[in-house]
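Text of the file upload04.txt, holding compact mmCIF, C-alpha atoms:
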# COMPACT_ATOMS: atom_id res chain seq x y z
CA MET A 12 139.61 -109.12 -86.29
CA LYS A 13 136.28 -110.11 -84.78
CA LYS A 14 135.38 -108.63 -81.42
CA THR A 15 133.57 -110.36 -78.57
CA TYR A 16 130.71 -108.32 -77.10
CA VAL A 17 129.45 -109.43 -73.67
CA LEU A 18 125.93 -108.13 -73.00
CA ASP A 19 124.50 -107.12 -69.65
CA THR A 20 120.83 -107.94 -68.99
CA ASN A 21 119.85 -104.25 -68.83
CA VAL A 22 120.74 -103.87 -72.52
CA LEU A 23 118.31 -106.66 -73.42
CA ILE A 24 115.59 -105.18 -71.23
CA GLN A 25 115.85 -101.75 -72.80
CA SER A 26 116.25 -103.01 -76.37
CA PRO A 27 115.50 -106.70 -77.15
CA ALA A 28 116.59 -106.05 -80.76
CA SER A 29 120.13 -105.37 -79.48
CA LEU A 30 120.97 -109.04 -80.08
CA LEU A 31 121.05 -108.25 -83.80
CA CYS A 32 122.99 -104.99 -83.59
CA PHE A 33 126.62 -106.15 -83.43
CA GLU A 34 127.26 -107.00 -87.07
CA GLU A 35 129.59 -109.93 -87.83
CA ASN A 36 131.08 -110.16 -84.35
CA ASN A 37 130.82 -112.67 -81.52
CA LEU A 38 128.06 -112.03 -79.00
CA VAL A 39 128.20 -113.60 -75.52
CA LEU A 40 125.42 -113.86 -72.93
CA PRO A 41 126.65 -114.89 -69.47
CA ILE A 42 124.42 -117.59 -67.97
CA VAL A 43 123.46 -115.16 -65.20
CA CYS A 44 121.62 -113.06 -67.82
CA LEU A 45 119.25 -115.99 -68.41
CA GLU A 46 118.56 -116.16 -64.69
CA GLU A 47 117.77 -112.45 -64.59
CA LEU A 48 115.49 -112.74 -67.64
CA ASP A 49 113.70 -115.60 -65.88
CA LYS A 50 113.01 -113.38 -62.85
CA LEU A 51 111.78 -110.51 -65.03
CA LYS A 52 109.57 -112.47 -67.44
CA THR A 53 106.49 -112.24 -65.19
CA GLU A 54 106.81 -108.47 -64.65
CA ASP A 55 104.09 -106.20 -66.00
CA GLY A 56 104.71 -103.46 -68.54
CA GLU A 57 107.71 -102.85 -70.75
CA CYS A 58 110.27 -104.61 -68.54
CA GLY A 59 108.42 -107.94 -68.57
CA SER A 60 107.44 -107.58 -72.22
CA ASN A 61 111.06 -107.10 -73.30
CA ALA A 62 112.25 -110.00 -71.15
CA ARG A 63 109.69 -112.31 -72.75
CA SER A 64 110.67 -111.07 -76.20
CA CYS A 65 114.32 -111.96 -75.54
CA ILE A 66 113.37 -115.38 -74.19
CA ARG A 67 111.30 -116.16 -77.30
CA PHE A 68 114.20 -115.10 -79.52
CA LEU A 69 116.60 -117.35 -77.60
CA GLU A 70 114.15 -120.25 -77.84
CA LYS A 71 114.02 -119.83 -81.60
CA LEU A 72 117.81 -119.98 -81.73
CA ARG A 73 117.88 -123.01 -79.40
CA GLN A 74 115.75 -124.92 -81.88
CA GLU A 75 118.36 -124.24 -84.56
CA GLY A 76 121.36 -125.57 -82.66
CA ASN A 77 123.41 -125.50 -79.46
CA LEU A 78 123.62 -122.06 -77.86
CA LEU A 79 126.54 -123.18 -75.70
CA GLU A 80 128.56 -123.79 -78.86
CA GLY A 81 127.21 -120.74 -80.70
CA ILE A 82 124.48 -120.02 -83.25
CA LEU A 83 124.93 -117.94 -86.39
CA LEU A 84 122.64 -114.91 -86.49
CA SER A 85 120.89 -113.42 -89.51
CA ASN A 86 123.29 -110.43 -89.49
CA GLY A 87 126.36 -112.66 -89.76
CA GLY A 88 127.30 -112.59 -86.09
CA CYS A 89 127.45 -115.50 -83.66
CA LEU A 90 125.64 -115.71 -80.31
CA ARG A 91 126.58 -118.07 -77.52
CA ILE A 92 125.72 -118.53 -73.86
CA GLU A 93 128.74 -118.66 -71.53
CA PRO A 94 128.38 -120.74 -68.32
CA ASN A 95 132.13 -120.94 -67.53
CA PHE A 96 134.73 -118.82 -65.69
CA VAL A 97 133.03 -119.24 -62.30
CA ASN A 98 136.40 -119.47 -60.56
CA ILE A 99 137.99 -116.40 -62.15
CA GLU A 100 139.38 -114.24 -59.33
CA LEU A 101 138.19 -110.67 -58.82
CA PRO A 102 139.47 -108.13 -56.28
CA PRO A 103 138.51 -109.00 -52.66
CA ASP A 104 135.99 -106.15 -52.45
CA PHE A 105 133.96 -107.54 -55.38
CA SER A 106 131.19 -109.65 -53.84
CA ASN A 107 130.70 -113.17 -55.22
CA ASN A 108 126.92 -112.87 -54.79
CA LYS A 109 126.36 -110.02 -57.23
CA ASN A 110 125.22 -110.80 -60.75
CA ASP A 111 127.19 -107.82 -62.09
CA ASN A 112 130.41 -109.34 -60.79
CA ARG A 113 129.54 -112.70 -62.36
CA ILE A 114 129.35 -110.90 -65.74
CA LEU A 115 132.74 -109.32 -65.02
CA GLN A 116 134.16 -112.78 -64.32
CA VAL A 117 133.03 -113.91 -67.76
CA CYS A 118 134.63 -110.86 -69.37
CA ARG A 119 137.91 -111.40 -67.55
CA GLY A 120 137.94 -115.09 -68.41
CA LEU A 121 137.39 -114.39 -72.09
CA CYS A 122 140.18 -111.81 -72.03
CA GLU A 123 142.54 -114.36 -70.50
CA ASN A 124 141.62 -116.70 -73.37
CA GLY A 125 142.89 -114.09 -75.82
CA GLU A 126 139.56 -112.73 -77.07
CA SER A 127 139.06 -109.00 -77.78
CA VAL A 128 136.31 -108.36 -75.23
CA ILE A 129 133.97 -105.39 -74.93
CA LEU A 130 131.35 -105.30 -72.17
CA VAL A 131 128.11 -103.57 -73.19
CA THR A 132 126.01 -102.33 -70.26
CA LYS A 133 123.64 -99.50 -69.40
CA ASP A 134 124.94 -99.49 -65.81
CA ILE A 135 127.53 -96.74 -65.28
CA LEU A 136 128.89 -98.36 -62.11
CA VAL A 137 129.47 -101.66 -63.89
CA ARG A 138 131.41 -99.77 -66.57
CA LEU A 139 133.53 -98.19 -63.82
CA LYS A 140 134.20 -101.59 -62.25
CA ALA A 141 135.13 -102.98 -65.66
CA GLN A 142 137.65 -100.18 -66.11
CA MET A 143 139.20 -101.10 -62.76
CA LEU A 144 139.72 -104.62 -64.12
CA GLY A 145 141.18 -103.43 -67.43
CA ILE A 146 138.09 -104.50 -69.37
CA GLU A 147 136.81 -102.25 -72.16
CA ALA A 148 133.18 -101.26 -71.49
CA GLN A 149 130.65 -99.31 -73.53
CA ASP A 150 127.08 -98.10 -73.32
CA PHE A 151 124.68 -99.52 -75.91
CA ALA A 152 125.13 -96.95 -78.68
CA ASN A 153 122.52 -97.92 -81.29
CA GLU A 154 119.82 -95.88 -79.55
CA GLN A 155 122.05 -92.95 -78.65
CA ALA A 156 121.60 -89.39 -79.81
CA PRO A 157 124.64 -87.09 -80.15
CA SER A 158 125.91 -85.26 -77.08
CA LEU A 159 123.64 -82.45 -75.93
CA GLU A 160 125.66 -79.75 -77.69
CA GLY A 161 125.38 -81.60 -80.99
CA GLN A 162 121.68 -82.43 -80.84
CA TYR A 163 119.23 -80.96 -83.32
CA THR A 164 117.60 -77.75 -82.04
CA GLY A 165 115.11 -77.07 -84.83
CA ARG A 166 116.30 -73.45 -85.12
CA ASN A 167 119.04 -71.61 -86.94
CA GLU A 168 119.85 -68.26 -88.55
CA CYS A 169 121.24 -66.99 -91.83
CA PHE A 170 121.78 -63.84 -93.91
CA VAL A 171 119.76 -62.64 -96.90
CA SER A 172 119.74 -59.53 -99.06
CA ASP A 173 117.40 -56.61 -98.36
CA GLU A 174 115.84 -57.16 -101.79
CA ALA A 175 114.92 -60.72 -100.86
CA MET A 176 113.55 -59.57 -97.50
CA ALA A 177 111.29 -57.04 -99.25
CA SER A 178 109.43 -59.78 -101.14
CA PHE A 179 109.62 -62.39 -98.41
CA LYS A 180 105.97 -62.46 -97.33
CA LYS A 181 104.65 -62.83 -100.88
CA LYS A 182 107.24 -65.10 -102.47
CA GLY A 183 109.36 -66.51 -99.68
CA ILE A 184 113.13 -66.73 -100.06
CA CYS A 185 114.89 -69.32 -102.20
CA LEU A 186 117.64 -71.40 -100.65
CA GLU A 187 120.17 -69.96 -103.11
CA ASP A 188 119.53 -66.44 -101.75
CA ALA A 189 120.47 -67.34 -98.15
CA TYR A 190 123.92 -67.97 -96.69
CA THR A 191 125.88 -68.11 -93.47
CA TYR A 192 129.44 -67.48 -92.29
CA ILE A 193 131.81 -70.18 -91.03
CA ALA A 194 135.22 -68.96 -89.86
CA ASN A 195 134.51 -65.61 -91.59
CA GLU A 196 133.95 -67.41 -94.87
CA LYS A 197 130.64 -67.20 -96.72
CA LYS A 198 128.97 -70.62 -97.00
CA SER A 199 125.77 -71.97 -98.52
CA LEU A 200 123.10 -73.51 -96.30
CA THR A 201 121.87 -77.09 -95.88
CA PRO A 202 118.64 -76.51 -93.93
CA ILE A 203 116.39 -79.30 -92.68
CA ILE A 204 112.71 -79.39 -93.57
CA ASN A 205 110.57 -77.60 -90.95
CA GLU A 206 113.65 -75.99 -89.38
CA PHE A 207 112.93 -72.50 -88.06
CA TYR A 208 115.18 -69.63 -89.13
CA THR A 209 115.95 -66.09 -88.12
CA LEU A 210 116.68 -64.28 -91.38
CA ARG A 211 119.09 -61.36 -90.93
CA SER A 212 119.71 -58.52 -93.35
CA GLU A 213 123.19 -58.63 -94.84
CA ILE A 214 123.33 -54.85 -94.44
CA ASN A 215 121.84 -54.47 -90.95
CA GLU A 216 121.96 -57.57 -88.69
CA GLN A 217 119.36 -56.02 -86.37
CA LYS A 218 116.80 -56.22 -89.16
CA THR A 219 115.29 -59.71 -88.97
CA LEU A 220 112.45 -61.89 -90.20
CA LEU A 221 111.17 -65.18 -88.80
CA ALA A 222 110.79 -68.09 -91.18
CA ARG A 223 110.40 -71.84 -91.59
CA PHE A 224 112.10 -73.91 -94.27
CA ASP A 225 109.39 -75.92 -96.04
CA GLY A 226 111.78 -78.13 -97.98
CA ASN A 227 112.10 -75.78 -100.94
CA LYS A 228 112.31 -72.24 -99.62
CA PHE A 229 111.99 -70.09 -96.50
CA ILE A 230 108.40 -69.07 -95.81
CA SER A 231 106.84 -66.74 -93.25
CA LEU A 232 105.19 -67.96 -90.06
CA ASN A 233 101.42 -68.43 -90.26
CA TYR A 234 100.44 -67.98 -86.61
CA SER A 235 102.79 -65.32 -85.22
CA LYS A 236 100.04 -62.74 -84.68
CA LEU A 237 97.64 -65.02 -82.82
CA GLN A 238 97.22 -65.21 -79.03
CA PRO A 239 96.03 -68.73 -78.15
CA PHE A 240 93.99 -68.64 -74.94
CA GLY A 241 95.19 -65.09 -74.36
CA VAL A 242 98.92 -65.97 -74.46
CA LYS A 243 101.27 -63.87 -76.55
CA PRO A 244 104.84 -64.88 -77.51
CA LYS A 245 107.44 -63.06 -75.43
CA ASN A 246 110.63 -64.11 -77.18
CA LEU A 247 111.99 -65.60 -80.38
CA GLY A 248 111.72 -69.18 -79.19
CA GLN A 249 108.07 -68.75 -78.22
CA TYR A 250 107.21 -67.48 -81.71
CA PHE A 251 108.66 -70.68 -83.15
CA LEU A 252 107.01 -72.71 -80.39
CA GLN A 253 103.60 -71.20 -81.13
CA GLU A 254 103.99 -71.89 -84.84
CA ALA A 255 104.76 -75.57 -84.19
CA LEU A 256 101.88 -76.02 -81.74
CA MET A 257 99.29 -74.09 -83.73
CA GLU A 258 99.91 -75.98 -86.98
CA THR A 259 97.23 -78.54 -87.75
CA ALA A 260 97.57 -82.21 -86.88
CA LYS A 261 97.45 -83.01 -90.58
CA LYS A 262 100.59 -80.98 -91.33
CA ALA A 263 102.44 -81.38 -88.02
CA PRO A 264 101.16 -84.40 -86.06
CA LEU A 265 104.36 -84.46 -83.97
CA VAL A 266 106.01 -81.59 -82.11
CA ILE A 267 109.17 -82.09 -80.04
CA ILE A 268 110.07 -79.34 -77.58
CA LYS A 269 113.27 -79.36 -75.54
CA GLY A 270 114.46 -76.72 -73.12
CA THR A 271 115.32 -75.83 -69.55
CA ALA A 272 112.75 -75.22 -66.82
CA GLY A 273 110.76 -72.00 -67.07
CA THR A 274 110.79 -71.66 -70.85
CA ALA A 275 107.00 -72.19 -71.03
CA LYS A 276 107.05 -75.60 -72.71
CA THR A 277 104.13 -77.06 -70.74
CA PHE A 278 102.43 -73.70 -70.28
CA TYR A 279 102.33 -72.90 -73.99
CA SER A 280 101.34 -76.43 -74.96
CA LEU A 281 98.35 -76.27 -72.62
CA ALA A 282 97.38 -72.80 -73.87
CA VAL A 283 97.28 -73.93 -77.50
CA GLY A 284 95.52 -77.16 -76.55
CA LEU A 285 92.77 -75.27 -74.73
CA ALA A 286 92.40 -72.82 -77.62
CA LYS A 287 92.07 -75.72 -80.08
CA THR A 288 89.58 -77.72 -78.00
CA LEU A 289 87.38 -75.00 -76.50
CA GLN A 290 86.69 -73.11 -79.73
CA GLU A 291 82.98 -73.47 -80.38
CA ASN A 292 83.03 -72.82 -84.13
CA ASP A 293 86.22 -74.62 -85.14
CA ARG A 294 87.06 -77.30 -82.60
CA GLU A 295 90.10 -79.18 -83.92
CA TYR A 296 90.47 -81.79 -81.15
CA ARG A 297 87.94 -83.68 -79.05
CA ARG A 298 90.08 -83.57 -75.91
CA ILE A 299 93.48 -82.93 -74.38
CA LEU A 300 95.19 -86.06 -73.07
CA VAL A 301 98.08 -85.54 -70.64
CA THR A 302 100.55 -88.13 -69.41
CA ARG A 303 103.98 -88.17 -67.79
CA PRO A 304 106.61 -90.92 -67.55
CA ASN A 305 106.55 -90.57 -63.76
CA VAL A 306 103.64 -93.00 -64.16
CA GLN A 307 105.42 -95.35 -66.52
CA PHE A 308 104.37 -98.07 -68.93
CA ASP A 309 105.71 -100.69 -66.55
CA GLU A 310 104.52 -99.19 -63.26
CA ASP A 311 101.70 -101.05 -61.57
CA ILE A 312 99.37 -98.50 -59.96
CA GLY A 313 96.68 -101.07 -59.14
CA PHE A 314 97.68 -101.36 -55.49
CA LEU A 315 97.26 -97.63 -54.80
CA PRO A 316 93.94 -96.57 -53.24
CA GLY A 317 91.34 -94.53 -55.12
CA THR A 318 90.26 -94.13 -58.72
CA GLU A 319 92.68 -93.93 -61.64
CA GLN A 320 92.50 -90.13 -61.61
CA GLU A 321 93.15 -90.01 -57.84
CA LYS A 322 96.14 -92.35 -58.20
CA ILE A 323 97.91 -90.26 -60.82
CA ALA A 324 96.84 -86.82 -59.54
CA PRO A 325 100.12 -86.18 -57.58
CA PHE A 326 102.14 -86.65 -60.78
CA LEU A 327 100.05 -84.05 -62.62
CA ARG A 328 100.34 -81.19 -60.14
CA PRO A 329 102.48 -79.15 -62.61
CA ILE A 330 99.69 -79.41 -65.18
CA LEU A 331 97.15 -78.10 -62.67
CA ASP A 332 99.47 -75.23 -61.70
CA ASN A 333 99.88 -74.17 -65.33
CA LEU A 334 96.16 -74.46 -65.93
CA GLU A 335 95.44 -72.21 -62.97
CA VAL A 336 97.87 -69.57 -64.30
CA LEU A 337 96.27 -69.76 -67.75
CA LEU A 338 92.78 -69.29 -66.36
CA ARG A 339 93.84 -66.29 -64.29
CA ARG A 340 95.45 -64.71 -67.38
CA ASN A 341 92.54 -65.39 -69.72
CA LYS A 342 90.41 -62.32 -70.37
CA GLY A 343 87.15 -64.07 -69.65
CA GLU A 344 88.33 -65.54 -66.35
CA LYS A 345 90.29 -62.67 -64.75
CA SER A 346 87.48 -61.73 -62.38
CA LEU A 347 87.08 -65.22 -60.91
CA ASP A 348 88.03 -65.83 -57.26
CA ASP A 349 89.96 -68.86 -55.98
CA LEU A 350 86.85 -70.99 -55.49
CA ALA A 351 85.57 -70.18 -58.96
CA ILE A 352 88.98 -70.95 -60.48
CA LYS A 353 89.01 -74.37 -58.79
CA SER A 354 85.48 -75.00 -60.05
CA LYS A 355 86.54 -74.01 -63.58
CA ILE A 356 89.56 -76.34 -63.42
CA HIS A 357 87.32 -79.18 -62.30
CA GLU A 358 84.96 -78.44 -65.18
CA ILE A 359 87.79 -78.47 -67.71
CA PHE A 360 89.08 -81.80 -66.39
CA GLU A 361 85.55 -83.18 -66.56
CA ASN A 362 84.96 -82.15 -70.17
CA THR A 363 88.23 -81.30 -71.93
CA ILE A 364 91.40 -82.58 -70.25
CA CYS A 365 92.00 -86.24 -69.49
CA ALA A 366 95.04 -87.41 -67.51
CA GLU A 367 96.05 -91.04 -67.87
CA ALA A 368 98.85 -93.36 -66.83
CA MET A 369 100.98 -94.53 -69.73
CA ASN A 370 100.14 -98.19 -69.26
CA PHE A 371 96.48 -97.32 -70.02
CA ILE A 372 97.48 -95.67 -73.32
CA ARG A 373 99.47 -98.66 -74.52
CA GLY A 374 97.80 -100.62 -77.31
CA ARG A 375 95.21 -97.93 -78.08
CA THR A 376 94.74 -95.81 -81.17
CA LEU A 377 94.16 -92.15 -80.28
CA THR A 378 92.10 -90.09 -82.73
CA HIS A 379 91.39 -86.34 -82.76
CA THR A 380 93.35 -85.95 -79.54
CA TYR A 381 95.84 -83.32 -78.40
CA LEU A 382 98.35 -85.53 -76.58
CA ILE A 383 100.84 -83.86 -74.24
CA ILE A 384 103.68 -86.04 -72.96
CA ASP A 385 105.37 -84.03 -70.23
CA GLU A 386 108.84 -84.82 -68.82
CA ALA A 387 109.52 -86.95 -71.92
CA GLN A 388 113.25 -87.06 -71.12
CA ASN A 389 112.39 -89.89 -68.70
CA LEU A 390 111.06 -92.09 -71.50
CA THR A 391 113.11 -94.93 -72.92
CA PRO A 392 113.47 -94.96 -76.73
CA LYS A 393 111.00 -97.85 -76.93
CA GLN A 394 108.45 -95.99 -74.81
CA ALA A 395 108.79 -92.90 -77.01
CA LYS A 396 108.18 -95.03 -80.09
CA GLY A 397 105.25 -96.76 -78.38
CA LEU A 398 103.55 -93.44 -77.65
CA ILE A 399 104.17 -91.83 -81.03
CA THR A 400 102.87 -94.90 -82.86
CA ARG A 401 99.57 -94.65 -80.97
CA VAL A 402 98.68 -91.69 -83.16
CA GLY A 403 95.51 -92.02 -85.20
CA GLU A 404 93.66 -89.66 -87.52
CA GLY A 405 93.55 -86.04 -86.36
CA THR A 406 95.82 -86.50 -83.32
CA LYS A 407 98.75 -84.23 -82.46
CA VAL A 408 101.53 -85.44 -80.14
CA ILE A 409 103.68 -82.99 -78.16
CA LEU A 410 106.83 -84.34 -76.51
CA LEU A 411 108.15 -81.96 -73.84
CA GLY A 412 111.21 -82.16 -71.66
CA ASP A 413 114.69 -81.18 -70.61
CA PRO A 414 117.43 -83.74 -71.48
CA GLN A 415 119.51 -82.37 -68.60
CA GLN A 416 116.89 -83.27 -65.97
CA ILE A 417 116.68 -87.07 -66.12
CA ASP A 418 115.46 -89.20 -63.21
CA HIS A 419 115.53 -92.62 -64.91
CA PRO A 420 118.51 -94.62 -63.52
CA LEU A 421 119.55 -96.10 -66.89
CA LEU A 422 119.07 -93.05 -69.12
CA ASP A 423 121.21 -90.00 -69.82
CA GLU A 424 121.13 -86.98 -72.15
CA ARG A 425 122.03 -89.19 -75.13
CA THR A 426 119.94 -92.31 -74.51
CA ASN A 427 116.61 -90.90 -73.33
CA GLY A 428 113.48 -91.19 -75.48
CA LEU A 429 113.12 -87.44 -76.02
CA SER A 430 116.59 -87.01 -77.53
CA TYR A 431 116.25 -90.30 -79.43
CA ALA A 432 112.93 -89.24 -80.98
CA SER A 433 114.36 -85.82 -81.81
CA GLU A 434 117.26 -87.27 -83.80
CA LYS A 435 115.22 -90.00 -85.50
CA MET A 436 112.42 -87.62 -86.55
CA LYS A 437 114.79 -84.87 -87.73
CA GLY A 438 113.95 -84.16 -91.35
CA SER A 439 110.47 -85.65 -91.20
CA PRO A 440 107.92 -83.42 -92.98
CA LEU A 441 105.42 -84.40 -90.27
CA CYS A 442 107.53 -83.21 -87.33
CA TYR A 443 108.26 -79.71 -86.03
CA GLN A 444 111.00 -79.26 -83.42
CA ILE A 445 112.24 -76.41 -81.29
CA THR A 446 114.78 -76.19 -78.46
CA MET A 447 114.19 -73.30 -76.10
CA ARG A 448 117.29 -71.46 -74.88
CA ALA A 449 118.08 -70.73 -71.23
CA ASP A 450 117.85 -66.98 -71.89
CA GLU A 451 114.22 -67.49 -72.98
CA CYS A 452 113.14 -68.42 -69.46
CA GLU A 453 110.01 -66.42 -68.63
CA ARG A 454 109.00 -67.95 -65.29
CA SER A 455 110.60 -65.25 -63.14
CA LYS A 456 113.76 -63.17 -62.84
CA LEU A 457 115.12 -65.68 -60.32
CA ALA A 458 114.34 -68.64 -62.60
CA PHE A 459 116.08 -66.89 -65.50
CA ASP A 460 119.13 -66.05 -63.42
CA ALA A 461 119.36 -69.57 -61.98
CA ALA A 462 119.02 -71.15 -65.45
CA ASN A 463 122.05 -69.17 -66.63
CA ARG A 464 124.15 -69.59 -63.52
CA MET A 465 123.47 -73.14 -62.27
Once you've parsed the file, please lay out its structure as structure tokens.
Amino acid sequence: MKKTYVLDTNVLIQSPASLLCFEENNLVLPIVCLEELDKLKTEDGECGSNARSCIRFLEKLRQEGNLLEGILLSNGGCLRIEPNFVNIELPPDFSNNKNDNRILQVCRGLCENGESVILVTKDILVRLKAQMLGIEAQDFANEQAPSLEGQYTGRNECFVSDEAMASFKKKGICLEDAYTYIANEKKSLTPIINEFYTLRSEINEQKTLLARFDGNKFISLNYSKLQPFGVKPKNLGQYFLQEALMETAKKAPLVIIKGTAGTAKTFYSLAVGLAKTLQENDREYRRILVTRPNVQFDEDIGFLPGTEQEKIAPFLRPILDNLEVLLRRNKGEKSLDDLAIKSKIHEIFENTICAEAMNFIRGRTLTHTYLIIDEAQNLTPKQAKGLITRVGEGTKVILLGDPQQIDHPLLDERTNGLSYASEKMKGSPLCYQITMRADECERSKLAFDAANRM
């Protein structure tokens, strides 16, 4: 039996391609969605761009037939615009002036006509209101990652024989020589390329080696003994983190790092970036480019006073704080006083680090750049794709964030751009991933305790 999916405008704005994602079912757009698209079409950035994309798609369909009667889509489904059900009664507390309630009227009217209706909306409150009316409601699932517990972490562990461990550094370890236990039963492994592993001795579990699966076998880490910009790994996660960040842009142009606050995601990324850009003899990148989704693709900063750098400076305070800590830790800078440290930071921002709003990155091709995208959990999936596809020759992209700390009103731990990119890029030979654990918090004893308790 065919289902009838009623789409909210926010689904179209986040993903214009959603109109072709419902297979051979009926797709309904309430007339109020057209009115909302009309209001949004002149907006700058992603919101306006997506609205215009939807409008152009609808215009193409209009030329093929009558949208009020329904138009067959290329995927076998049928799309129609629904102007009726204006007089459908809702509970007294549901205002007649709200567009959300107009969409609910359409859903209720279709249900009364005997159709199997599912409302698709990004708005949690609209889904709650739909439930109150007995209407089935769902989030748009095509761009959803698994729940947080089921998301890819980029790290795992297994058991190997002592004989295999003895020859590990020279030969690596074949997949057939490694295994794990599930419900006390010995099982073979199905590792993912570039997944990091803790190899444990089958005789003594305390005896371990750190490895990466290269697609054929487990190999040793290449950069575990280095100290980029004077920073040394303090825990297991940081060894994996350093390996991912230190690898060349040719082999690992994308690194995705998830984890709670205090696990040194931004700190370590900056340290490696500075080491790679300030080396006189072997400078891998021309510059470090830093951006955060607090200054979004679709945010107009033109009305704020000052230069571009002055406008976005408040959003980059965490970057400056980490840079100050790095400079105070660095051997060559330990003797500098506060004034000298500030002067050094200014010099680095003048010559090495560039901070830009995301709407200034859009449409560009970035070459030989170390690109740090901080707080990436506040990206939409389309924004994440837009940033990653800006990558040119010699550029390395680092996505950092905590999927549990989302500020975007229409995103959650499953629909944010960081989690979406993590799941889509899982298994790519060009992507390294690592999720830092709460017990790997190194900010302070209080930060560690709070991360475990709160």
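Nearest-residue note for Leu139 in chain A: choosing from A:Glu35, A:Glu126, A:Glu367, A:Asp111, the minimum distance belongs to A:Asp111, counting all atoms listed in the file.
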- request: Return the single residue from A:Ile383, A:Leu285, A:Leu457, A:Cys452 that is closest to Asn341 in chain A, with distances computed using all atoms listed in the file.
  value: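 Checking each candidate against Asn341 in chain A, we get A:Leu285 as the closest.
One distance worth recording is that between CA of Ser433 in chain A and CA of Asp413 in chain A, which is 12.1 Å.
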Residues of range 132-212 of chain A within 10 Å of range 96-109 of chain A: nearest atom pair and distance (Å, one decimal) for each, counting all atoms listed in the file, sorted by chain and number, as a Markdown table?
| residue | atom | partner | partner_atom | distance |
| --- | --- | --- | --- | --- |
| A:Lys140 | CA | A:Phe105 | CA | 9.1 |
| A:Met143 | CA | A:Pro102 | CA | 9.6 |
| A:Leu144 | CA | A:Leu101 | CA | 8.2 |
Glu46 in chain A: which residues within 12 Å, counting all atoms listed in the file, same-chain residues fewer than 5 positions away excluded, as a JSON list (two decimals) with C-alpha atoms, in the frame of the given file?
[["chain", "number", "residue", "atom", "x", "y", "z"],
["A", 19, "ASP", "CA", 124.50, -107.12, -69.65],
["A", 20, "THR", "CA", 120.83, -107.94, -68.99],
["A", 40, "LEU", "CA", 125.42, -113.86, -72.93],
["A", 41, "PRO", "CA", 126.65, -114.89, -69.47],
["A", 51, "LEU", "CA", 111.78, -110.51, -65.03],
["A", 52, "LYS", "CA", 109.57, -112.47, -67.44],
["A", 62, "ALA", "CA", 112.25, -110.00, -71.15],
["A", 66, "ILE", "CA", 113.37, -115.38, -74.19],
["A", 92, "ILE", "CA", 125.72, -118.53, -73.86],
["A", 94, "PRO", "CA", 128.38, -120.74, -68.32],
["A", 110, "ASN", "CA", 125.22, -110.80, -60.75],
["A", 113, "ARG", "CA", 129.54, -112.70, -62.36]]
query: Do you know which residues are at most 9 Å from Ala255 in chain A counting all atoms listed in the file, after dropping those on the same chain fewer than 6 positions away, and could you put them as JSON, numbers by chain?
result: {"A": [263, 265, 266, 267, 442, 443, 444, 445]}
query: For Met369 in chain A, which residue out of A:Tyr279, A:Glu160, A:Leu398, A:Arg67 is the nearest one, using all atoms listed in the file?
result: A:Leu398
message: Counting all atoms listed in the file, which residue out of A:Ile356, A:Ala461, A:Leu90, A:Val39 sits closest to Leu338 in chain A?
response: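 Once distances to Leu338 in chain A are computed over all atoms listed in the file, the minimum belongs to A:Ile356.
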Top pick for closest residue to Asn427 in chain A, considering A:Ala282, A:Ala449, A:Leu159, A:Ile184 and counting only C-alpha atoms: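 The closest residue to Asn427 in chain A is A:Leu159.
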- request: Please identify all polymer residues within 7 Å of range 270-273 of chain A, counting all atoms listed in the file, omitting same-chain residues fewer than 3 positions from it, and present them as a PyMOL selection string.
  value: chain A and resi 412-413+446-449+452-454+458
Between CA of Glu361 in chain A and CA of Asp293 in chain A, distance in Å (one decimal): 20.5 Å
query: Rounded to one decimal in Å, what is the spacing between CA of Pro304 in chain A and CA of Ala368 in chain A?
result: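 That distance, rounded to one decimal, is 8.2 Å.
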field: Residues within 12 Å of (99.9, -83.6, -89.8), file coords, all atoms listed in the file, listed as a PyMOL selection string
entry: chain A and resi 255-266+379+402-408+439-443
field: Top pick for closest residue to Cys185 in chain A, considering A:Phe360, A:Tyr431, A:Phe240, A:Phe229 and counting all atoms listed in the file
entry: A:Phe229
message: With all atoms listed in the file as the counted atoms, please give the residues lying no more than 10 Å from range 230-232 of chain A, apart from itself and same-chain residues fewer than 5 positions off, as a ChimeraX atom specification.
response: /A:179-185,207-208,220-225,250-251,253-255
Residues of the last selection are to be written out with C-alpha atoms, as an mmCIF file, in the frame of the given file.
data_model
loop_
_atom_site.group_PDB
_atom_site.id
_atom_site.type_symbol
_atom_site.label_atom_id
_atom_site.label_comp_id
_atom_site.auth_asym_id
_atom_site.auth_seq_id
_atom_site.Cartn_x
_atom_site.Cartn_y
_atom_site.Cartn_z
ATOM 1 C CA PHE A 179 109.620 -62.390 -98.410
ATOM 2 C CA LYS A 180 105.970 -62.460 -97.330
ATOM 3 C CA LYS A 181 104.650 -62.830 -100.880
ATOM 4 C CA LYS A 182 107.240 -65.100 -102.470
ATOM 5 C CA GLY A 183 109.360 -66.510 -99.680
ATOM 6 C CA ILE A 184 113.130 -66.730 -100.060
ATOM 7 C CA CYS A 185 114.890 -69.320 -102.200
ATOM 8 C CA PHE A 207 112.930 -72.500 -88.060
ATOM 9 C CA TYR A 208 115.180 -69.630 -89.130
ATOM 10 C CA LEU A 220 112.450 -61.890 -90.200
ATOM 11 C CA LEU A 221 111.170 -65.180 -88.800
ATOM 12 C CA ALA A 222 110.790 -68.090 -91.180
ATOM 13 C CA ARG A 223 110.400 -71.840 -91.590
ATOM 14 C CA PHE A 224 112.100 -73.910 -94.270
ATOM 15 C CA ASP A 225 109.390 -75.920 -96.040
ATOM 16 C CA TYR A 250 107.210 -67.480 -81.710
ATOM 17 C CA PHE A 251 108.660 -70.680 -83.150
ATOM 18 C CA GLN A 253 103.600 -71.200 -81.130
ATOM 19 C CA GLU A 254 103.990 -71.890 -84.840
ATOM 20 C CA ALA A 255 104.760 -75.570 -84.190
#
